[in-house]
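**Q** Quick one: the structure is below, questions incoming.
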Amino acid sequence: MALFDHTAERLARGPAVLFAADPADGMMEAILRYDPQAGVQGGTFVFHNGVQLYGPVRVTPDVARQAGLPAGMTAGYYAAIVEGGTSRPRPDSLKWQDAERLVRGLAAWLGGTVHDERPGVDLKLRVSVYSGHELPVGQVIEVIQPYIDTGDLVCHEDSGVSGAYYLLTQPEPLFFVAYWPSRLSRSKLALPPPALGELRDKQPCRWDLRTKFPMATVPRETALRVAEAALALASRADGMVIDTYGFPVDRPEDLLAR
């Protein structure tokens with residue numbers, strides 16, 4: 001009974017992703033896309049950002065009723081974090097944000113249902129390009145400009161972060177670009193995502209393509225255009241594209257999973 005109560009409590013607390021049938025092979029593929037170097041300890045997947053994923057947990061009718069879960073679910077996975085310091089410490093609040101993004105990403109990719117007692121993070125469509133090669137601003141503008149139809153992109157330096165800049169138009173563009181130099185990847189507040197694999201340890205620079213559109217309602221054509229722009233920039237910079245949830249983007253359609 002104690003184990004039963006513990007399982008129900010964990011699923012009820014969340015963040016958790018629930019399925020009518022355990023995706024099994026699809027889940028393993030998604031986990032390795034999220035972190036190619038993920039570890040496994042018993043029934044726990046351990047990631048390099050301080051997040052852990054437990055499951056699959058069998059969701060019986062009794063567990064579903066006790067945890068207040070949606071009807072028809074038979075399998076679940078819940079996320080937790082490794083609390084406290086590590087060799088590269090991060091605030092626990094950032095780890096919990098990553099845990100929520102992971103769960104929401106798994107639900108989007110695999111057709112699951114998110115369950116979480118915490119208020120959800122307001123996720124906007126944002127795509128990041130990570131690269132071990134910095135590009136001159138002119139080359140970045142050359143790549144991005146064809147995807148912007150609100151005027152010429154103008155570079156604005158960040159007055160608070162040396163080497164950082166923004167690419168904007170006037171009026172407001174569909175998306176804008178924020179650039180962060182490689183040294184910032186050493187910060188515990190901005191560690192590169194596990195999906196980068198070996199590139200994560202090479203202090204990559206980053207371009208964020210940011211929008212004002214919530215992930216749940218972003219128009220299809222907007223998502224495709226932002227993805228195409230990010231992939232074009234990644235091709236020029238020999239980099240990788242990472243979506244809002246922390247998963248790699250290999251083709252524009254990947255950004256439609258939400």
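Please note that chains go A, B, ... in the order of the structure tokens, that every chain numbers its residues from 1, and that ligands are numbered from 1 in the order shown.
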Taking only C-alpha atoms into account, produce a table as CSV in which each residue of region 43-150 of chain A with an atom at most 9 Å from an atom of region 201-217 of chain A appears once, together with its shortest atom pair and the distance in Å to one decimal, ordered by chain and rising number.
**A**
residue,atom,partner,partner_atom,distance
A:Asp122,CA,A:Pro214,CA,7.2
A:Leu123,CA,A:Pro214,CA,5.8
A:Lys124,CA,A:Pro214,CA,4.2
A:Leu125,CA,A:Met215,CA,5.2
A:Arg126,CA,A:Arg210,CA,4.6
A:Val127,CA,A:Leu209,CA,5.2
A:Ser128,CA,A:Asp208,CA,4.4
A:Val129,CA,A:Trp207,CA,5.1
A:Tyr130,CA,A:Arg206,CA,4.6
A:Ser131,CA,A:Pro204,CA,5.1
A:Gly132,CA,A:Pro204,CA,4.6
A:His133,CA,A:Cys205,CA,7.3
A:Glu134,CA,A:Cys205,CA,6.6
**Q** If we count only C-alpha atoms, what is near region 152-154 of chain A at a cut-off of 9 Å, once residues fewer than 5 positions away on the same chain are taken out, given as a list of chain:residue names?
**A**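 Answer for this query is A:Ile141, A:Ile144, A:Gln145, A:Tyr166, A:Leu167, A:Leu168, A:Thr169, A:Gln170, A:Phe176.
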**Q** Any idea what's packed within 8 Å of region 62-73 of chain A, counting only C-alpha atoms, ignoring anything in its chain fewer than 5 positions away? Could you give it as a short mmCIF file (atom, residue, chain, number, x, y, z; two decimals) with N, CA and C atoms, in the first residue's frame?
**A**
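Output below, filename selection_27.cif:
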data_model
loop_
_atom_site.label_atom_id
_atom_site.label_comp_id
_atom_site.auth_asym_id
_atom_site.auth_seq_id
_atom_site.Cartn_x
_atom_site.Cartn_y
_atom_site.Cartn_z
N PHE A 4 2.05 1.96 -3.49
CA PHE A 4 0.92 2.45 -4.26
C PHE A 4 0.67 3.93 -3.97
N THR A 7 3.42 6.15 -5.50
CA THR A 7 3.29 6.30 -6.95
C THR A 7 2.19 7.28 -7.29
N ALA A 8 1.04 7.13 -6.65
CA ALA A 8 -0.07 8.03 -6.91
C ALA A 8 0.29 9.47 -6.56
N GLU A 9 0.99 9.64 -5.43
CA GLU A 9 1.39 10.98 -5.01
C GLU A 9 2.32 11.63 -6.02
N LEU A 11 2.66 10.93 -9.29
CA LEU A 11 1.94 11.24 -10.52
C LEU A 11 1.01 12.44 -10.33
N ALA A 12 0.38 12.53 -9.16
CA ALA A 12 -0.53 13.64 -8.90
C ALA A 12 0.22 14.96 -8.83
N LEU A 18 1.13 11.35 -19.42
CA LEU A 18 0.31 10.15 -19.34
C LEU A 18 -0.07 9.68 -20.74
N PHE A 19 -0.22 8.37 -20.88
CA PHE A 19 -0.54 7.79 -22.17
C PHE A 19 -1.63 6.74 -22.03
N ALA A 20 -2.46 6.63 -23.07
CA ALA A 20 -3.45 5.56 -23.12
C ALA A 20 -2.77 4.21 -23.26
N ALA A 21 -1.60 4.20 -23.94
CA ALA A 21 -0.77 2.99 -24.06
C ALA A 21 0.68 3.44 -24.03
N HIS A 115 0.14 16.29 -16.96
CA HIS A 115 -0.52 16.46 -15.67
C HIS A 115 0.48 17.08 -14.71
#
**Q** Which residue out of A:Gly39, A:Gly55, A:Pro91, A:Gly120 has the minimum interatomic distance to Leu189 (chain A) when only C-alpha atoms are used?
**A**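 Selected residue with least distance to Leu189 (chain A): A:Pro91.
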**Q** Could you check the closest approach to Asn49 (chain A) for each of A:Arg104, A:Arg33, A:Arg90, A:His6 and tell me which residue wins, using only C-alpha atoms?
**A**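 Among A:Arg104, A:Arg33, A:Arg90, A:His6, it is A:Arg90 that comes nearest to Asn49 (chain A).
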**Q** Pick from A:Val114, A:Val46, A:Val51, A:Leu135: nearest to Gln97 (chain A), with only C-alpha atoms counted?
**A**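 The shortest atom-to-atom distance to Gln97 (chain A) comes from A:Val51.
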**Q** DSSP on the backbone: which residues in region 3-212 of chain A end up as strand (DSSP E or B)? Give the answer as a compact mmCIF listing (two decimals) with C-alpha atoms, in the first residue's frame.
**A**
# COMPACT_ATOMS: atom_id res chain seq x y z
CA ALA A 16 3.97 13.94 -15.52
CA VAL A 17 3.06 12.76 -18.99
CA LEU A 18 0.31 10.15 -19.34
CA PHE A 19 -0.54 7.79 -22.17
CA GLY A 39 21.94 7.42 -18.06
CA VAL A 40 19.62 4.73 -16.73
CA GLN A 41 19.43 3.76 -13.06
CA THR A 44 14.97 6.16 -13.81
CA PHE A 45 16.39 8.12 -16.74
CA VAL A 46 19.05 10.60 -15.63
CA VAL A 51 16.43 16.33 -14.46
CA GLN A 52 15.28 12.76 -13.91
CA LEU A 53 12.38 10.86 -15.50
CA TYR A 54 10.70 7.91 -13.77
CA GLY A 55 8.69 5.30 -15.60
CA PRO A 56 6.88 3.70 -17.11
CA VAL A 57 4.48 3.63 -14.17
CA ARG A 58 1.41 1.43 -14.60
CA ALA A 75 0.96 4.42 -18.35
CA GLY A 76 2.74 7.46 -17.00
CA TYR A 77 6.18 9.02 -16.58
CA TYR A 78 6.92 11.69 -14.00
CA ALA A 79 9.86 14.07 -13.76
CA ALA A 80 11.92 15.12 -10.77
CA ILE A 81 15.22 16.90 -10.23
CA THR A 113 -1.34 14.23 -21.79
CA VAL A 114 0.44 16.55 -19.34
CA HIS A 115 -0.52 16.46 -15.67
CA LYS A 124 6.49 30.99 -26.26
CA LEU A 125 7.79 29.72 -29.58
CA ARG A 126 11.56 30.05 -29.35
CA VAL A 127 14.17 28.22 -31.40
CA SER A 128 17.87 28.27 -30.55
CA VAL A 129 20.84 27.68 -32.83
CA TYR A 130 23.99 26.48 -31.03
CA SER A 131 27.34 26.44 -32.76
CA VAL A 154 19.28 46.30 -37.75
CA CYS A 155 21.83 45.19 -35.18
CA HIS A 156 21.49 46.57 -31.65
CA GLU A 157 24.26 45.78 -29.17
CA TYR A 165 23.32 41.75 -29.77
CA TYR A 166 19.79 41.76 -31.18
CA LEU A 167 18.59 41.82 -34.77
CA LEU A 168 15.31 43.71 -35.16
CA PHE A 176 13.75 38.63 -33.72
CA VAL A 177 17.22 37.25 -33.11
CA ALA A 178 19.19 37.47 -29.86
CA TYR A 179 22.85 36.45 -29.93
CA TRP A 180 24.84 35.29 -26.90
CA CYS A 205 27.62 30.41 -28.89
CA ARG A 206 23.85 30.75 -29.34
CA TRP A 207 21.32 32.57 -31.48
CA ASP A 208 17.74 32.64 -30.15
CA LEU A 209 14.94 33.18 -32.66
CA ARG A 210 12.18 34.52 -30.42
CA THR A 211 8.48 35.15 -31.01
CA LYS A 212 5.51 36.38 -28.99
**Q** Restricting the calculation to only C-alpha atoms, which member of A:Leu224, A:Leu94, A:Val241, A:Val140 is positioned closest to Leu255 (chain A)?
**A**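 Of A:Leu224, A:Leu94, A:Val241, A:Val140, the one nearest Leu255 (chain A), counting only C-alpha atoms, is A:Leu224.
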**Q** How would you write, as a PyMOL selection string, the set of residues in region 10-252 of chain A that DSSP gives as alpha helix (DSSP H)?
**A** chain A and resi 10-13+25-34+61-67+92-110+137-144+220-237
